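Pasting data-v1.tsv here (TSV, C-alpha atoms):
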```tsv
chain	number	residue	atom	x	y	z
A	1	MET	CA	0.00	0.00	0.00
A	2	LEU	CA	1.38	3.42	-0.95
A	3	MET	CA	1.97	5.88	1.85
A	4	SER	CA	0.65	9.44	1.72
A	5	GLY	CA	3.10	12.31	1.50
A	6	GLU	CA	2.49	13.21	5.16
A	7	ALA	CA	3.03	9.60	6.26
A	8	VAL	CA	6.27	9.45	4.30
A	9	ASP	CA	7.43	12.68	5.96
A	10	GLN	CA	6.62	11.21	9.37
A	11	ALA	CA	8.45	7.96	8.63
A	12	GLU	CA	11.49	9.76	7.26
A	13	GLY	CA	11.51	12.14	10.23
A	14	LEU	CA	11.44	9.27	12.70
A	15	LYS	CA	14.19	7.46	10.80
A	16	ARG	CA	16.46	10.50	10.94
A	17	VAL	CA	15.73	11.28	14.57
A	18	ARG	CA	16.48	7.66	15.61
A	19	GLU	CA	20.04	8.23	14.49
A	20	SER	CA	20.49	11.01	17.04
A	21	ARG	CA	22.20	10.71	20.44
A	22	PRO	CA	20.31	9.58	23.56
A	23	VAL	CA	18.69	12.45	25.44
A	24	ARG	CA	17.32	12.39	28.98
A	25	VAL	CA	13.74	13.67	28.89
A	26	MET	CA	12.32	14.96	32.18
A	27	ALA	CA	8.72	16.11	32.58
A	28	VAL	CA	8.04	18.45	35.51
A	29	ALA	CA	4.43	18.27	36.68
A	30	SER	CA	2.24	19.28	39.61
A	31	GLY	CA	-1.25	18.43	40.77
A	32	LYS	CA	-2.21	22.11	41.02
A	33	GLY	CA	-0.93	25.51	40.06
A	34	GLY	CA	0.93	27.84	42.38
A	35	VAL	CA	3.47	25.35	43.76
A	36	GLY	CA	6.45	26.70	41.82
A	37	LYS	CA	6.60	24.09	39.05
A	38	THR	CA	7.87	26.46	36.34
A	39	ASN	CA	10.44	27.90	38.72
A	40	VAL	CA	11.70	24.37	39.31
A	41	SER	CA	11.83	23.67	35.56
A	42	VAL	CA	13.73	26.88	34.80
A	43	ASN	CA	16.26	26.61	37.60
A	44	LEU	CA	16.88	22.91	37.11
A	45	ALA	CA	17.58	23.60	33.43
A	46	VAL	CA	19.99	26.43	34.23
A	47	ALA	CA	21.73	24.42	36.96
A	48	LEU	CA	22.22	21.46	34.59
A	49	ALA	CA	23.65	23.82	31.99
A	50	GLY	CA	26.01	25.06	34.67
A	51	ARG	CA	27.28	21.49	34.93
A	52	GLY	CA	28.24	21.55	31.27
A	53	ARG	CA	25.12	19.88	29.87
A	54	GLU	CA	23.40	20.99	26.67
A	55	VAL	CA	19.86	21.64	27.90
A	56	MET	CA	16.60	22.38	26.12
A	57	LEU	CA	13.65	23.71	28.13
A	58	MET	CA	10.27	23.19	26.48
A	59	ASP	CA	7.38	25.35	27.68
A	60	ALA	CA	4.54	22.87	27.21
A	61	ASP	CA	1.80	25.02	28.72
A	62	LEU	CA	-0.10	25.89	25.56
A	63	GLY	CA	-2.22	28.48	27.30
A	64	LEU	CA	0.35	30.41	29.33
A	65	ALA	CA	3.92	31.30	28.32
A	66	ASN	CA	5.27	31.06	31.88
A	67	VAL	CA	8.88	30.32	30.97
A	68	ASP	CA	9.05	33.35	28.67
A	69	VAL	CA	7.80	35.64	31.43
A	70	MET	CA	9.99	34.15	34.13
A	71	LEU	CA	13.15	34.69	32.07
A	72	GLY	CA	12.12	37.97	30.49
A	73	LEU	CA	12.16	36.50	26.98
A	74	GLN	CA	10.19	37.92	24.06
A	75	PRO	CA	10.08	35.27	21.33
A	76	ARG	CA	8.70	36.31	17.95
A	77	VAL	CA	7.75	32.77	16.92
A	78	ASN	CA	6.89	29.59	18.80
A	79	LEU	CA	6.19	25.89	18.44
A	80	SER	CA	2.96	26.46	16.52
A	81	HIS	CA	5.01	28.04	13.70
A	82	VAL	CA	7.16	24.91	13.60
A	83	MET	CA	4.16	22.60	13.36
A	84	SER	CA	2.74	24.68	10.53
A	85	GLY	CA	6.02	24.45	8.62
A	86	GLU	CA	6.78	28.18	8.80
A	87	CYS	CA	9.96	27.71	10.87
A	88	THR	CA	12.42	25.05	11.90
A	89	LEU	CA	12.90	24.18	15.55
A	90	ASP	CA	16.34	25.79	15.45
A	91	GLU	CA	14.78	29.04	14.26
A	92	ILE	CA	12.35	29.43	17.17
A	93	LEU	CA	14.80	28.54	19.94
A	94	VAL	CA	15.55	31.39	22.34
A	95	SER	CA	18.80	31.47	24.26
A	96	GLY	CA	18.43	31.61	28.03
A	97	PRO	CA	20.81	31.79	31.01
A	98	ARG	CA	23.99	29.72	30.68
A	99	GLY	CA	23.07	28.91	27.11
A	100	ILE	CA	19.92	26.86	27.71
A	101	HIS	CA	17.72	26.53	24.63
A	102	VAL	CA	14.13	27.56	25.31
A	103	VAL	CA	11.27	26.27	23.14
A	104	PRO	CA	8.53	28.94	23.45
A	105	ALA	CA	5.01	27.69	24.18
A	106	ALA	CA	2.78	27.15	21.16
A	107	SER	CA	-0.16	29.49	20.73
A	108	GLY	CA	-3.44	28.84	18.96
A	109	ILE	CA	-3.41	25.12	19.82
A	110	SER	CA	-5.73	23.92	22.57
A	111	HIS	CA	-4.33	20.42	23.16
A	112	MET	CA	-1.66	18.13	21.78
A	113	ALA	CA	-4.46	15.62	21.28
A	114	ASP	CA	-6.04	18.03	18.77
A	115	LEU	CA	-3.03	18.19	16.44
A	116	THR	CA	-3.69	17.34	12.81
A	117	GLN	CA	-1.72	14.68	10.95
A	118	ALA	CA	0.23	17.45	9.23
A	119	GLU	CA	1.09	19.03	12.60
A	120	HIS	CA	2.21	15.62	13.90
A	121	ALA	CA	4.50	15.28	10.88
A	122	GLY	CA	5.75	18.84	11.39
A	123	LEU	CA	6.62	18.16	15.03
A	124	ILE	CA	8.52	14.96	14.18
A	125	ARG	CA	10.32	16.65	11.31
A	126	ALA	CA	11.26	19.56	13.57
A	127	PHE	CA	12.95	17.36	16.14
A	128	SER	CA	14.57	15.18	13.49
A	129	GLU	CA	16.19	18.22	11.88
A	130	LEU	CA	17.44	19.73	15.13
A	131	SER	CA	21.09	20.54	14.52
A	132	LEU	CA	22.35	21.27	18.02
A	133	PRO	CA	23.72	18.54	20.31
A	134	LEU	CA	21.48	17.89	23.29
A	135	ASP	CA	21.89	16.07	26.62
A	136	VAL	CA	18.69	16.92	28.50
A	137	LEU	CA	15.18	18.00	27.54
A	138	ILE	CA	13.12	19.42	30.40
A	139	VAL	CA	9.39	19.71	29.70
A	140	ASP	CA	7.50	22.21	31.85
A	141	THR	CA	4.00	20.71	31.69
A	142	PRO	CA	0.74	22.54	32.48
A	143	ALA	CA	-0.48	22.31	36.08
A	144	GLY	CA	-3.21	19.84	36.96
A	145	ILE	CA	-4.39	16.77	35.07
A	146	SER	CA	-5.15	17.27	31.42
A	147	GLU	CA	-4.67	15.59	28.05
A	148	ASP	CA	-1.41	17.50	27.57
A	149	VAL	CA	0.01	16.51	30.97
A	150	VAL	CA	-0.74	12.86	30.21
A	151	SER	CA	0.84	13.11	26.74
A	152	TYR	CA	4.08	14.68	27.98
A	153	THR	CA	4.50	12.51	31.08
A	154	ARG	CA	3.83	9.30	29.13
A	155	ALA	CA	6.50	10.27	26.63
A	156	ALA	CA	9.19	11.29	29.14
A	157	GLN	CA	11.71	9.08	30.87
A	158	ASP	CA	11.53	10.79	34.26
A	159	VAL	CA	8.47	12.42	35.83
A	160	ILE	CA	9.13	14.95	38.59
A	161	VAL	CA	6.07	15.82	40.69
A	162	VAL	CA	6.41	19.12	42.56
A	163	VAL	CA	4.55	19.42	45.88
A	164	CYS	CA	4.50	21.90	48.73
A	165	ASP	CA	3.26	21.58	52.30
A	166	GLU	CA	-0.38	22.47	51.63
A	167	PRO	CA	-3.33	20.06	51.81
A	168	ALA	CA	-4.53	20.97	48.30
A	169	SER	CA	-1.07	20.44	46.84
A	170	MET	CA	-0.73	17.01	48.44
A	171	THR	CA	-4.25	15.93	47.49
A	172	ASP	CA	-3.91	17.03	43.88
A	173	ALA	CA	-0.42	15.55	43.53
A	174	TYR	CA	-1.82	12.21	44.72
A	175	ALA	CA	-4.69	12.52	42.22
A	176	LEU	CA	-2.18	13.19	39.43
A	177	ILE	CA	-0.07	10.16	40.34
A	178	LYS	CA	-3.21	8.02	40.65
A	179	VAL	CA	-4.47	8.91	37.16
A	180	LEU	CA	-1.05	8.55	35.52
A	181	SER	CA	-0.43	5.17	37.16
A	182	ARG	CA	-3.83	3.53	36.94
A	183	GLU	CA	-4.93	4.80	33.55
A	184	HIS	CA	-1.61	5.33	31.76
A	185	GLN	CA	0.75	2.78	33.33
A	186	ILE	CA	3.36	5.24	34.60
A	187	GLU	CA	4.93	3.50	37.58
A	188	ARG	CA	7.90	5.65	38.63
A	189	PHE	CA	7.78	9.19	39.99
A	190	HIS	CA	10.29	11.57	41.54
A	191	VAL	CA	8.86	13.79	44.28
A	192	LEU	CA	10.30	17.27	44.80
A	193	ALA	CA	9.28	19.19	47.92
A	194	ASN	CA	9.20	22.90	47.17
A	195	ARG	CA	9.07	25.95	49.45
A	196	VAL	CA	9.79	24.02	52.64
A	197	ARG	CA	11.55	25.26	55.77
A	198	ASP	CA	14.44	22.83	55.50
A	199	GLU	CA	15.52	19.42	54.24
A	200	GLN	CA	13.86	17.68	57.19
A	201	GLU	CA	10.47	19.15	56.30
A	202	GLY	CA	11.02	18.17	52.68
A	203	SER	CA	11.78	14.55	53.49
A	204	ALA	CA	8.81	14.42	55.89
A	205	LEU	CA	6.57	15.70	53.10
A	206	TYR	CA	7.89	12.98	50.81
A	207	ARG	CA	7.33	10.27	53.42
A	208	LYS	CA	3.75	11.41	53.86
A	209	MET	CA	3.13	11.20	50.11
A	210	ALA	CA	4.92	7.85	49.84
A	211	ALA	CA	2.87	6.37	52.68
A	212	VAL	CA	-0.42	7.23	51.00
A	213	CYS	CA	0.71	6.04	47.58
A	214	SER	CA	2.09	2.75	48.91
A	215	ARG	CA	-1.22	2.06	50.60
A	216	PHE	CA	-3.47	2.65	47.61
A	217	LEU	CA	-1.33	2.63	44.45
A	218	ASP	CA	1.14	0.29	42.78
A	219	VAL	CA	3.84	2.89	42.10
A	220	THR	CA	7.45	3.58	43.02
A	221	LEU	CA	8.23	7.01	44.43
A	222	HIS	CA	11.74	8.43	44.77
A	223	TYR	CA	12.68	11.45	46.83
A	224	PHE	CA	14.22	13.91	44.41
A	225	GLY	CA	15.01	16.55	47.03
A	226	ALA	CA	13.79	19.82	48.51
A	227	VAL	CA	13.95	23.52	47.70
A	228	PRO	CA	13.67	25.80	50.75
A	229	GLU	CA	11.57	28.92	51.01
A	230	ASP	CA	13.95	31.69	50.06
A	231	PRO	CA	13.32	35.46	49.74
A	232	LEU	CA	16.12	35.57	47.16
A	233	LEU	CA	13.98	33.41	44.89
A	234	ARG	CA	11.20	36.00	45.01
A	235	GLN	CA	13.73	38.68	44.13
A	236	ALA	CA	14.94	36.63	41.19
A	237	VAL	CA	11.36	36.19	39.94
A	238	GLN	CA	10.78	39.93	40.16
A	239	ARG	CA	13.96	40.52	38.15
A	240	GLN	CA	12.90	37.83	35.62
A	241	ALA	CA	15.99	35.76	36.24
A	242	ALA	CA	16.85	32.26	37.47
A	243	VAL	CA	17.76	32.26	41.16
A	244	VAL	CA	20.53	29.73	40.51
A	245	GLU	CA	22.09	32.27	38.16
A	246	LEU	CA	21.40	35.45	40.15
A	247	TYR	CA	21.96	34.12	43.68
A	248	PRO	CA	23.85	30.82	43.30
A	249	GLY	CA	25.06	30.91	46.91
A	250	GLY	CA	21.61	31.42	48.44
A	251	PRO	CA	19.52	28.61	49.95
A	252	ALA	CA	17.41	28.00	46.82
A	253	GLY	CA	20.38	28.43	44.49
A	254	ARG	CA	22.38	25.79	46.36
A	255	ALA	CA	19.36	23.47	46.44
A	256	PHE	CA	18.89	23.65	42.67
A	257	LYS	CA	22.58	22.90	42.11
A	258	ASN	CA	22.20	19.83	44.32
A	259	LEU	CA	19.10	18.77	42.36
A	260	ALA	CA	20.99	19.15	39.09
A	261	ALA	CA	23.75	16.90	40.41
A	262	LYS	CA	21.13	14.32	41.40
A	263	ALA	CA	19.41	14.58	38.00
A	264	ASP	CA	22.78	14.12	36.32
A	265	ASN	CA	23.27	10.83	38.13
A	266	LEU	CA	19.82	9.31	37.84
A	267	PRO	CA	20.04	5.79	36.38
A	268	ARG	CA	18.91	5.57	32.79
A	269	GLN	CA	15.99	3.25	32.19
A	270	MET	CA	16.36	0.33	29.83
A	271	GLY	CA	14.36	0.51	26.63
A	272	SER	CA	13.04	3.40	24.65
A	273	ARG	CA	11.93	5.96	27.21
A	274	GLY	CA	14.40	8.79	27.60
A	275	HIS	CA	15.53	8.87	23.97
A	276	LEU	CA	14.43	11.94	22.09
A	277	GLU	CA	13.07	9.96	19.16
A	278	PHE	CA	10.73	7.97	21.37
A	279	PHE	CA	9.69	11.07	23.26
A	280	VAL	CA	8.47	12.59	19.99
A	281	GLU	CA	6.95	9.36	18.71
A	282	ARG	CA	5.10	8.64	21.96
A	283	LEU	CA	4.01	12.25	22.20
A	284	VAL	CA	2.31	12.44	18.82
A	285	HIS	CA	0.97	8.88	18.81
A	286	ALA	CA	-0.32	8.75	22.38
A	287	PRO	CA	-3.96	7.64	22.54
A	288	ALA	CA	-6.40	10.36	23.50
A	289	PRO	CA	-6.92	10.16	27.28
A	290	ALA	CA	-10.46	9.51	28.49
A	291	ASP	CA	-12.32	10.27	31.69
A	292	LEU	CA	-9.58	12.35	33.25
A	293	GLN	CA	-10.07	13.44	36.85
A	294	TRP	CA	-9.38	17.13	36.98
A	295	ALA	CA	-7.56	18.78	39.87
A	296	ASP	CA	-8.58	22.34	40.61
```
In structure tokens, how does this file's structure come out?
Amino acid sequence: MLMSGEAVDQAEGLKRVRESRPVRVMAVASGKGGVGKTNVSVNLAVALAGRGREVMLMDADLGLANVDVMLGLQPRVNLSHVMSGECTLDEILVSGPRGIHVVPAASGISHMADLTQAEHAGLIRAFSELSLPLDVLIVDTPAGISEDVVSYTRAAQDVIVVVCDEPASMTDAYALIKVLSREHQIERFHVLANRVRDEQEGSALYRKMAAVCSRFLDVTLHYFGAVPEDPLLRQAVQRQAAVVELYPGGPAGRAFKNLAAKADNLPRQMGSRGHLEFFVERLVHAPAPADLQWAD
């Protein structure tokens, strides 16, 4: 049977991208907004770049360009222009602190699940033609539980769930892990405690989450670490800069450098997850999620 032009483009794109180097793909998620997820994504990316890694940070929140605002970036084009064939992925990348490559959030697209076949092909082609070497891709997912969150977390190798010491944050983080594990077979999660008083409070928060999950879910949780409450972080946000770049010696700056070291040494999973080609393939071919439980 003859393949359509779009199908040929997709197949050729996947073939080319499979020849690329392995890339660690990390999705940063949270059960609710307001827990500092994007701050974690930005600072982890910058801290990894500070360790000599080539890092790409993908703003996957299609409704809000949080990464752009946080870093004071003003991109002229974004991922939607890549999918439409107007630009290459290289052409939309914006340089951030310590040379991280930022993929601006797409506009005019409601959900990854709504992409047309041509947009699927455009996304695959874009990643297959990426010319820069890459070690890590960090995906800043939307907050809550949505089709997009499921798509990105299913496609990533590592899923980092950001929580803080608030009942709503804990409840919604549990709901996120429950949906991803029971309905989408994601079994491993890294828990990051954000805005805590100290490391002890962070590990206590993790133990609380692990106890609930071990009782009701068949998942494996790992403690990724903690980021303390730090007034310097607020100052960095106001100045539209990464705290690990502006105040590397402060409490939050040191914490993010420690997290980057831990991320650098996470064991790589056997099989396809964590390679860029499979991230793209799983992303565009993921089945449309059904009956999602939304977290407010």
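Taking atom CA of A:Thr88 as the reference point, atom CA of A:Ala121 is found at 12.6 Å.
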Q: With a distance cut-off of 9 Å and all atoms listed in the file, select the neighbouring residues of A:Ala241, excluding the residue or stretch itself and same-chain residues fewer than 6 positions from it, and output the selection as a ChimeraX atom specification.
A: /A:70-72,97,235
Q) What is the atom CA of A:Asp61 to atom CA of A:Leu115 distance in Å? A)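 Distance reported for this atom pair: 14.9 Å.
Of note, atom CA of A:Ser181 and atom CA of A:Ala211 are spaced 15.9 Å apart.
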**Q.** Residues within 10 Å of A:Gly85, only C-alpha atoms, excluding chain neighbours under 4 positions, as number ranges by chain
**A.** A: 79-81, 89, 118-119, 121-123, 125-126
Q | Minimum-distance residue to A:Glu187, chosen among A:Gly99, A:Val159, A:Arg268, A:Arg24 (using only C-alpha atoms) | A |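 Once distances to A:Glu187 are computed over only C-alpha atoms, the minimum belongs to A:Val159.
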(Q) (20.6, 14.6, 23.0) in this file's frame - what residues fall within 6 Å of it? Use all atoms listed in the file and give the answer as a list in words. (A)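 Within 6 Å of (20.6, 14.6, 23.0), the protein and nucleic acid residues are Arg21, Pro22, Val23, Pro133, Leu134 and Asp135 of chain A.
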(Q) Restricting the calculation to all atoms listed in the file: of A:Ala156, A:Leu232, A:Val82, A:Val237, which residue gets closest to A:Pro251? (A) A:Leu232
Enclose the full set of atoms of stretch 87-100 of chain A listed in the file within a box whose edges lie along x, y and z, apply 5 Å of padding to each of the six sides, and report centre and edge lengths in Å to one decimal as JSON.
```
{"center_x": 17.0, "center_y": 28.0, "center_z": 20.9, "size_x": 24.0, "size_y": 17.6, "size_z": 30.1}
```
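Nearest residue to A:Ser84, choosing from A:Met58, A:Cys213, A:Ala106, A:Leu64 and counting only C-alpha atoms: A:Ala106.
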Q.
When you count all atoms listed in the file, which of these residues is closest to A:Asn78: A:Arg254, A:Leu62, A:Val94, A:Pro104?
A. A:Pro104
Q) Hey, what's within 9 Å of A:Cys164 if we count all atoms listed in the file and toss same-chain stuff fewer than 4 positions away? As a list of chain:residue names, please? A)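 Returned residues: A:Val35, A:Gly36, A:Ser169, A:Met170, A:Leu192, A:Ala193, A:Asn194, A:Arg195, A:Val196, A:Gly202, A:Leu205.
Of the residues listed (A:Arg239, A:Arg98, A:Arg215, A:Arg188), A:Arg98 shows the shortest atom-to-atom separation from A:Val46; distances use all atoms listed in the file.
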Q | Close residues, A:Val139 itself excluded, 8 Å, only C-alpha atoms, min 4 positions apart in chain, as a PyMOL selection string | A | chain A and resi 25-28+41+57-60+152
Based on the selection just made, write C-alpha atoms of those residues as a PDB file, keeping the file's coordinate frame.
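File part31.pdb, as written:
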```
ATOM      1  CA  VAL A  25      13.740  13.670  28.890  1.00  0.00           C
ATOM      2  CA  MET A  26      12.320  14.960  32.180  1.00  0.00           C
ATOM      3  CA  ALA A  27       8.720  16.110  32.580  1.00  0.00           C
ATOM      4  CA  VAL A  28       8.040  18.450  35.510  1.00  0.00           C
ATOM      5  CA  SER A  41      11.830  23.670  35.560  1.00  0.00           C
ATOM      6  CA  LEU A  57      13.650  23.710  28.130  1.00  0.00           C
ATOM      7  CA  MET A  58      10.270  23.190  26.480  1.00  0.00           C
ATOM      8  CA  ASP A  59       7.380  25.350  27.680  1.00  0.00           C
ATOM      9  CA  ALA A  60       4.540  22.870  27.210  1.00  0.00           C
ATOM     10  CA  TYR A 152       4.080  14.680  27.980  1.00  0.00           C
TER      11      TYR A 152
END
```
**Q.** Shortest interatomic distance to A:Thr171 - which of A:Ile186, A:Ala252, A:Val212, A:Met83, counting all atoms listed in the file
**A.**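 Ranked by minimum distance to A:Thr171, first place goes to A:Val212.
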